[in-house]
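With compact mmCIF, C-alpha atoms inside, this is start.txt:
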# COMPACT_ATOMS: atom_id res chain seq x y z
CA MET A 1 156.68 126.81 85.05
CA ASP A 2 153.28 128.06 86.10
CA TRP A 3 150.72 125.31 86.75
CA LEU A 4 148.25 127.24 84.59
CA ASP A 5 150.65 126.98 81.64
CA GLN A 6 150.64 123.20 81.99
CA VAL A 7 146.95 123.06 81.12
CA LYS A 8 146.41 122.50 77.40
CA TRP A 9 143.89 125.21 76.59
CA ASP A 10 141.85 124.63 73.45
CA ALA A 11 141.66 126.98 70.44
CA GLU A 12 139.17 129.15 72.33
CA GLY A 13 141.36 129.25 75.44
CA LEU A 14 139.05 126.90 77.34
CA VAL A 15 139.35 123.58 79.15
CA PRO A 16 136.46 121.17 79.86
CA VAL A 17 135.67 120.68 83.55
CA ILE A 18 133.85 117.84 85.30
CA ALA A 19 132.41 118.64 88.75
CA GLN A 20 132.07 115.62 91.02
CA GLU A 21 130.56 115.62 94.50
CA ALA A 22 133.38 114.75 96.91
CA ALA A 23 131.31 112.85 99.47
CA THR A 24 129.15 110.76 97.12
CA GLY A 25 131.24 110.53 93.93
CA ASP A 26 128.21 111.70 91.93
CA VAL A 27 129.07 113.53 88.71
CA LEU A 28 127.16 116.79 89.08
CA MET A 29 127.83 118.81 85.96
CA PHE A 30 130.13 119.60 83.09
CA ALA A 31 131.27 123.08 82.06
CA TYR A 32 134.28 125.04 80.80
CA MET A 33 136.89 127.30 82.32
CA ASN A 34 139.27 129.81 80.82
CA ARG A 35 142.57 130.66 82.46
CA GLU A 36 141.08 133.36 84.68
CA ALA A 37 138.24 131.08 85.83
CA LEU A 38 140.65 128.32 86.83
CA ALA A 39 142.95 130.79 88.62
CA LEU A 40 139.97 132.21 90.55
CA THR A 41 138.68 128.71 91.36
CA ALA A 42 142.04 127.76 92.87
CA GLU A 43 142.33 131.02 94.77
CA ARG A 44 138.81 131.16 96.22
CA ARG A 45 138.29 127.40 96.48
CA GLU A 46 134.88 127.95 94.89
CA ALA A 47 134.02 126.92 91.34
CA VAL A 48 134.18 129.72 88.79
CA TYR A 49 133.39 128.69 85.21
CA TRP A 50 133.40 130.42 81.84
CA SER A 51 129.87 130.64 80.47
CA ARG A 52 130.11 130.09 76.72
CA SER A 53 126.51 131.19 76.18
CA ARG A 54 126.94 134.44 78.12
CA GLN A 55 130.64 134.90 77.29
CA ARG A 56 131.56 135.87 80.82
CA LEU A 57 132.88 134.44 84.08
CA TRP A 58 130.23 132.55 85.99
CA HIS A 59 130.70 132.12 89.72
CA LYS A 60 128.57 129.01 90.22
CA GLY A 61 125.80 129.86 92.68
CA GLU A 62 125.90 133.62 92.03
CA GLU A 63 122.15 133.55 91.29
CA SER A 64 121.00 130.27 92.81
CA GLY A 65 123.12 130.29 95.95
CA HIS A 66 124.25 126.81 94.93
CA VAL A 67 127.95 127.47 95.37
CA GLN A 68 130.48 124.67 94.89
CA LYS A 69 133.17 124.49 97.56
CA VAL A 70 136.27 123.02 95.92
CA ARG A 71 138.06 120.19 97.72
CA GLU A 72 140.42 119.07 94.97
CA ILE A 73 141.46 120.18 91.50
CA ARG A 74 142.74 117.42 89.24
CA LEU A 75 144.18 117.35 85.73
CA ASP A 76 144.06 114.38 83.37
CA CYS A 77 146.96 112.55 81.73
CA ASP A 78 146.84 114.67 78.59
CA GLY A 79 146.56 117.92 80.52
CA ASP A 80 143.40 118.97 78.73
CA VAL A 81 140.55 118.12 81.13
CA ILE A 82 139.96 119.26 84.72
CA LEU A 83 138.15 117.30 87.44
CA LEU A 84 136.86 119.22 90.47
CA LYS A 85 135.86 117.45 93.66
CA VAL A 86 133.34 119.69 95.35
CA ASP A 87 130.83 120.10 98.13
CA GLN A 88 127.59 121.25 96.53
CA LEU A 89 126.27 123.92 98.92
CA GLY A 90 122.94 125.76 99.28
CA HIS A 91 120.53 122.84 99.59
CA GLU A 92 120.48 119.40 101.18
CA PRO A 93 120.94 117.23 99.16
CA GLY A 94 122.97 119.43 96.82
CA ILE A 95 121.43 120.88 93.67
CA ALA A 96 123.89 121.41 90.81
CA CYS A 97 121.43 121.48 87.90
CA HIS A 98 119.40 124.48 86.76
CA THR A 99 116.39 122.15 86.54
CA GLY A 100 116.48 121.83 90.34
CA ARG A 101 117.95 118.34 90.29
CA HIS A 102 120.99 117.00 92.14
CA SER A 103 122.94 116.31 88.96
CA CYS A 104 122.66 117.49 85.36
CA PHE A 105 122.92 113.84 84.25
CA PHE A 106 119.36 112.86 85.14
CA GLN A 107 118.37 111.37 81.78
CA ARG A 108 119.09 107.68 81.33
CA LEU A 109 118.84 105.71 78.12
CA GLU A 110 116.18 103.03 78.59
CA ALA A 111 114.79 100.89 75.76
CA GLY A 112 115.87 103.41 73.13
CA ALA A 113 114.62 106.58 74.85
CA TRP A 114 116.00 109.16 77.27
CA GLN A 115 114.07 108.97 80.54
CA ALA A 116 114.31 111.53 83.36
CA VAL A 117 115.03 109.23 86.31
CA ASP A 118 116.05 111.65 89.09
CA PRO A 119 113.65 113.90 91.01
CA VAL A 120 113.41 117.69 90.98
CA LEU A 121 114.47 118.69 94.50
CA LYS A 122 113.40 122.32 94.23
CA ASP A 123 111.27 124.18 91.70
CA PRO A 124 113.62 126.25 89.47
CA GLU A 125 111.20 129.18 89.78
CA ARG A 126 111.97 129.25 93.48
CA ILE A 127 115.72 128.91 92.82
CA TYR A 128 115.99 131.76 90.29
CA LYS A 129 113.60 134.39 91.57
CA MET B 1 112.21 110.85 67.33
CA ASP B 2 115.40 108.85 67.49
CA TRP B 3 117.29 109.11 70.82
CA LEU B 4 120.47 109.78 68.82
CA ASP B 5 118.83 112.86 67.29
CA GLN B 6 118.19 114.24 70.77
CA VAL B 7 121.90 114.50 71.43
CA LYS B 8 123.24 117.96 70.55
CA TRP B 9 126.26 117.08 68.44
CA ASP B 10 128.90 119.80 68.18
CA ALA B 11 130.16 121.39 64.94
CA GLU B 12 132.42 118.37 64.39
CA GLY B 13 129.58 115.91 65.01
CA LEU B 14 130.97 114.93 68.42
CA VAL B 15 129.74 114.86 72.00
CA PRO B 16 131.98 114.87 75.11
CA VAL B 17 131.78 111.71 77.24
CA ILE B 18 132.67 111.15 80.89
CA ALA B 19 133.34 107.54 81.92
CA GLN B 20 132.67 106.81 85.58
CA GLU B 21 133.27 103.51 87.35
CA ALA B 22 129.86 102.21 88.40
CA ALA B 23 130.94 100.47 91.62
CA THR B 24 133.25 103.17 93.04
CA GLY B 25 131.99 106.39 91.45
CA ASP B 26 135.54 107.18 90.33
CA VAL B 27 135.77 109.33 87.22
CA LEU B 28 138.02 107.26 84.96
CA MET B 29 138.43 109.24 81.75
CA PHE B 30 137.05 111.76 79.33
CA ALA B 31 136.73 111.29 75.57
CA TYR B 32 134.44 112.00 72.62
CA MET B 33 131.91 110.03 70.60
CA ASN B 34 130.38 110.60 67.22
CA ARG B 35 126.95 109.28 66.32
CA GLU B 36 128.24 105.89 65.20
CA ALA B 37 130.35 105.46 68.35
CA LEU B 38 127.37 106.17 70.59
CA ALA B 39 125.12 103.85 68.60
CA LEU B 40 127.71 101.05 68.84
CA THR B 41 128.23 101.70 72.57
CA ALA B 42 124.51 101.31 73.20
CA GLU B 43 124.26 98.22 71.01
CA ARG B 44 127.30 96.35 72.34
CA ARG B 45 127.18 97.70 75.89
CA GLU B 46 130.90 98.35 75.59
CA ALA B 47 132.43 101.81 75.26
CA VAL B 48 133.32 102.85 71.72
CA TYR B 49 134.78 106.34 71.38
CA TRP B 50 135.85 108.55 68.50
CA SER B 51 139.58 109.13 68.58
CA ARG B 52 140.18 112.72 67.52
CA SER B 53 143.93 112.16 67.17
CA ARG B 54 143.54 109.06 65.00
CA GLN B 55 140.26 110.15 63.38
CA ARG B 56 138.70 106.73 63.72
CA LEU B 57 136.41 104.70 65.97
CA TRP B 58 138.20 103.45 69.06
CA HIS B 59 136.79 100.43 70.82
CA LYS B 60 138.23 101.04 74.28
CA GLY B 61 140.42 98.08 75.19
CA GLU B 62 141.05 96.98 71.59
CA GLU B 63 144.81 97.09 72.26
CA SER B 64 145.05 97.05 76.05
CA GLY B 65 142.27 94.56 76.78
CA HIS B 66 140.90 97.20 79.16
CA VAL B 67 137.35 97.08 77.87
CA GLN B 68 134.62 99.13 79.53
CA LYS B 69 131.38 97.27 80.12
CA VAL B 70 128.57 99.84 80.00
CA ARG B 71 126.00 99.79 82.80
CA GLU B 72 124.23 103.08 82.13
CA ILE B 73 124.23 105.78 79.47
CA ARG B 74 123.12 109.19 80.70
CA LEU B 75 122.60 112.55 78.99
CA ASP B 76 122.82 115.94 80.70
CA CYS B 77 120.15 118.64 80.96
CA ASP B 78 121.37 120.46 77.84
CA GLY B 79 121.64 117.25 75.83
CA ASP B 80 125.28 117.90 74.93
CA VAL B 81 127.30 115.73 77.34
CA ILE B 82 127.17 111.96 77.91
CA LEU B 83 127.95 110.15 81.19
CA LEU B 84 128.74 106.44 81.02
CA LYS B 85 128.66 104.25 84.11
CA VAL B 86 131.01 101.38 83.42
CA ASP B 87 132.81 98.36 84.79
CA GLN B 88 136.48 98.77 83.91
CA LEU B 89 137.57 95.27 82.85
CA GLY B 90 140.96 93.62 82.17
CA HIS B 91 142.76 94.29 85.44
CA GLU B 92 141.90 94.42 89.12
CA PRO B 93 141.63 97.24 90.12
CA GLY B 94 140.55 98.62 86.75
CA ILE B 95 143.01 100.52 84.56
CA ALA B 96 141.42 103.19 82.36
CA CYS B 97 144.50 105.35 81.71
CA HIS B 98 147.18 104.70 79.08
CA THR B 99 149.76 105.49 81.80
CA GLY B 100 148.72 102.29 83.59
CA ARG B 101 146.78 104.10 86.29
CA HIS B 102 143.22 103.53 87.47
CA SER B 103 142.01 106.95 86.34
CA CYS B 104 143.33 109.55 83.93
CA PHE B 105 142.79 112.19 86.63
CA PHE B 106 145.84 111.30 88.71
CA GLN B 107 147.37 114.78 88.92
CA ARG B 108 146.23 116.92 91.83
CA LEU B 109 146.95 120.60 92.33
CA GLU B 110 148.98 120.98 95.53
CA ALA B 111 150.68 124.20 96.59
CA GLY B 112 150.67 125.57 93.06
CA ALA B 113 151.92 122.46 91.25
CA TRP B 114 150.40 119.37 89.63
CA GLN B 115 151.43 116.28 91.57
CA ALA B 116 150.90 112.70 90.38
CA VAL B 117 149.16 111.22 93.43
CA ASP B 118 147.87 107.85 92.16
CA PRO B 119 150.05 104.78 91.53
CA VAL B 120 150.87 103.10 88.23
CA LEU B 121 149.15 99.71 88.51
CA LYS B 122 150.80 98.16 85.46
CA ASP B 123 153.73 99.25 83.31
CA PRO B 124 152.34 100.65 80.01
CA GLU B 125 155.02 98.72 78.13
CA ARG B 126 153.40 95.55 79.39
CA ILE B 127 149.91 96.84 78.52
CA TYR B 128 150.68 97.85 74.91
CA LYS B 129 153.08 95.17 73.71
Would you mind writing the structure in this file as structure tokens?
Amino acid sequence: MDWLDQVKWDAEGLVPVIAQEAATGDVLMFAYMNREALALTAERREAVYWSRSRQRLWHKGEESGHVQKVREIRLDCDGDVILLKVDQLGHEPGIACHTGRHSCFFQRLEAGAWQAVDPVLKDPERIYK
Amino acid sequence: MDWLDQVKWDAEGLVPVIAQEAATGDVLMFAYMNREALALTAERREAVYWSRSRQRLWHKGEESGHVQKVREIRLDCDGDVILLKVDQLGHEPGIACHTGRHSCFFQRLEAGAWQAVDPVLKDPERIYK
């Protein structure tokens, strides 16, 4: 049985994906893959997602240069969530977020409000030019 | 504006949630919350999810004793994914997975097959008795 058939794809043919930085353990981002994206990710060892907003394959870093080198691909107990362990390339420290931050999870709940607690490492206008 | 209103709930009124162990950085599990679950999680500082299979609130650890103490609640750049940083209580090392493993992400893709690479720390029959 093909390993891709063992993934429980949702009604839209997608699976949620968590990208975690291998060296630090930081959770960088969350996205989706379809079957082709996951097959390409495994083959190239670089993260390829399915962009739901653009309805097309999205080779992470194709515009920003912030490619994710894939170290490990993991599947959860229910077979319906993927965890990637990656090296976040293109900047030091790595930038995974389109806001120019290390991680997309930069807002922390503090005293009943979301506070941006992590710095912008590079101006997005210089990333996407 | 209420912090709960700033979360972009999906069509079913849910938001995906990643639970990460605060001390190790290990990604433990992935689940969903509705508005009430997130409000309760913030209030109690213990993870409360929405069980899609059982269609009810699920106070993590209610059966297993494997409660998640919440250290941080984070929101991603798009406002549609939550990251919890938790202490996984009830066993040492922590058990987040119903299979008795530390993390739900215990299957790794190796040579075209999913391999269970992390040990069972406690027999599930002894967890859910």
Expressed in Å to a single decimal, how great is the separation between CA of Met29 in chain A and CA of Asp76 in chain B?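 Computed distance, CA of Met29 in chain A to CA of Asp76 in chain B, equals 7.8 Å.
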Residues of chain B no more than 8 Å from chain A, counting all atoms listed in the file: send them over as a PyMOL selection string. chain B and resi 2-3+24-26+29-30+72-77+81-83+97+99+104-109+112-114
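Proximity to Arg45 in chain B was assessed for B:Val86, B:Gly94, B:Glu62, B:Pro119 counting all atoms listed in the file; the smallest distance is recorded for B:Val86.
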With only C-alpha atoms as the counted atoms, please give the residues lying no more than 12 Å from Glu36 in chain A, apart from itself and same-chain residues fewer than 6 positions off, as number ranges by chain. A: 4-5, 9, 13-15, 42-44, 47-50, 56-59
Produce a file of the selected residues containing C-alpha atoms, as an mmCIF file, in the frame of the given file.
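Output saved as part-v8.cif:
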data_model
loop_
_atom_site.group_PDB
_atom_site.id
_atom_site.type_symbol
_atom_site.label_atom_id
_atom_site.label_comp_id
_atom_site.auth_asym_id
_atom_site.auth_seq_id
_atom_site.Cartn_x
_atom_site.Cartn_y
_atom_site.Cartn_z
ATOM 1 C CA LEU A 4 148.250 127.240 84.590
ATOM 2 C CA ASP A 5 150.650 126.980 81.640
ATOM 3 C CA TRP A 9 143.890 125.210 76.590
ATOM 4 C CA GLY A 13 141.360 129.250 75.440
ATOM 5 C CA LEU A 14 139.050 126.900 77.340
ATOM 6 C CA VAL A 15 139.350 123.580 79.150
ATOM 7 C CA ALA A 42 142.040 127.760 92.870
ATOM 8 C CA GLU A 43 142.330 131.020 94.770
ATOM 9 C CA ARG A 44 138.810 131.160 96.220
ATOM 10 C CA ALA A 47 134.020 126.920 91.340
ATOM 11 C CA VAL A 48 134.180 129.720 88.790
ATOM 12 C CA TYR A 49 133.390 128.690 85.210
ATOM 13 C CA TRP A 50 133.400 130.420 81.840
ATOM 14 C CA ARG A 56 131.560 135.870 80.820
ATOM 15 C CA LEU A 57 132.880 134.440 84.080
ATOM 16 C CA TRP A 58 130.230 132.550 85.990
ATOM 17 C CA HIS A 59 130.700 132.120 89.720
#
For a test of reading the model, state the distance in Å between CA of Ile95 in chain B and CA of Ala19 in chain A, rounded to one decimal.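 Spanning CA of Ile95 in chain B to CA of Ala19 in chain A is a straight-line distance of 21.4 Å.
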Between CA of Leu38 in chain A and CA of Gln55 in chain A lies a distance of 15.3 Å
Nearest to Gly65 in chain A: which of A:Asp10, A:His91, A:His102, A:Asn34 is it, counting all atoms listed in the file? A:His91
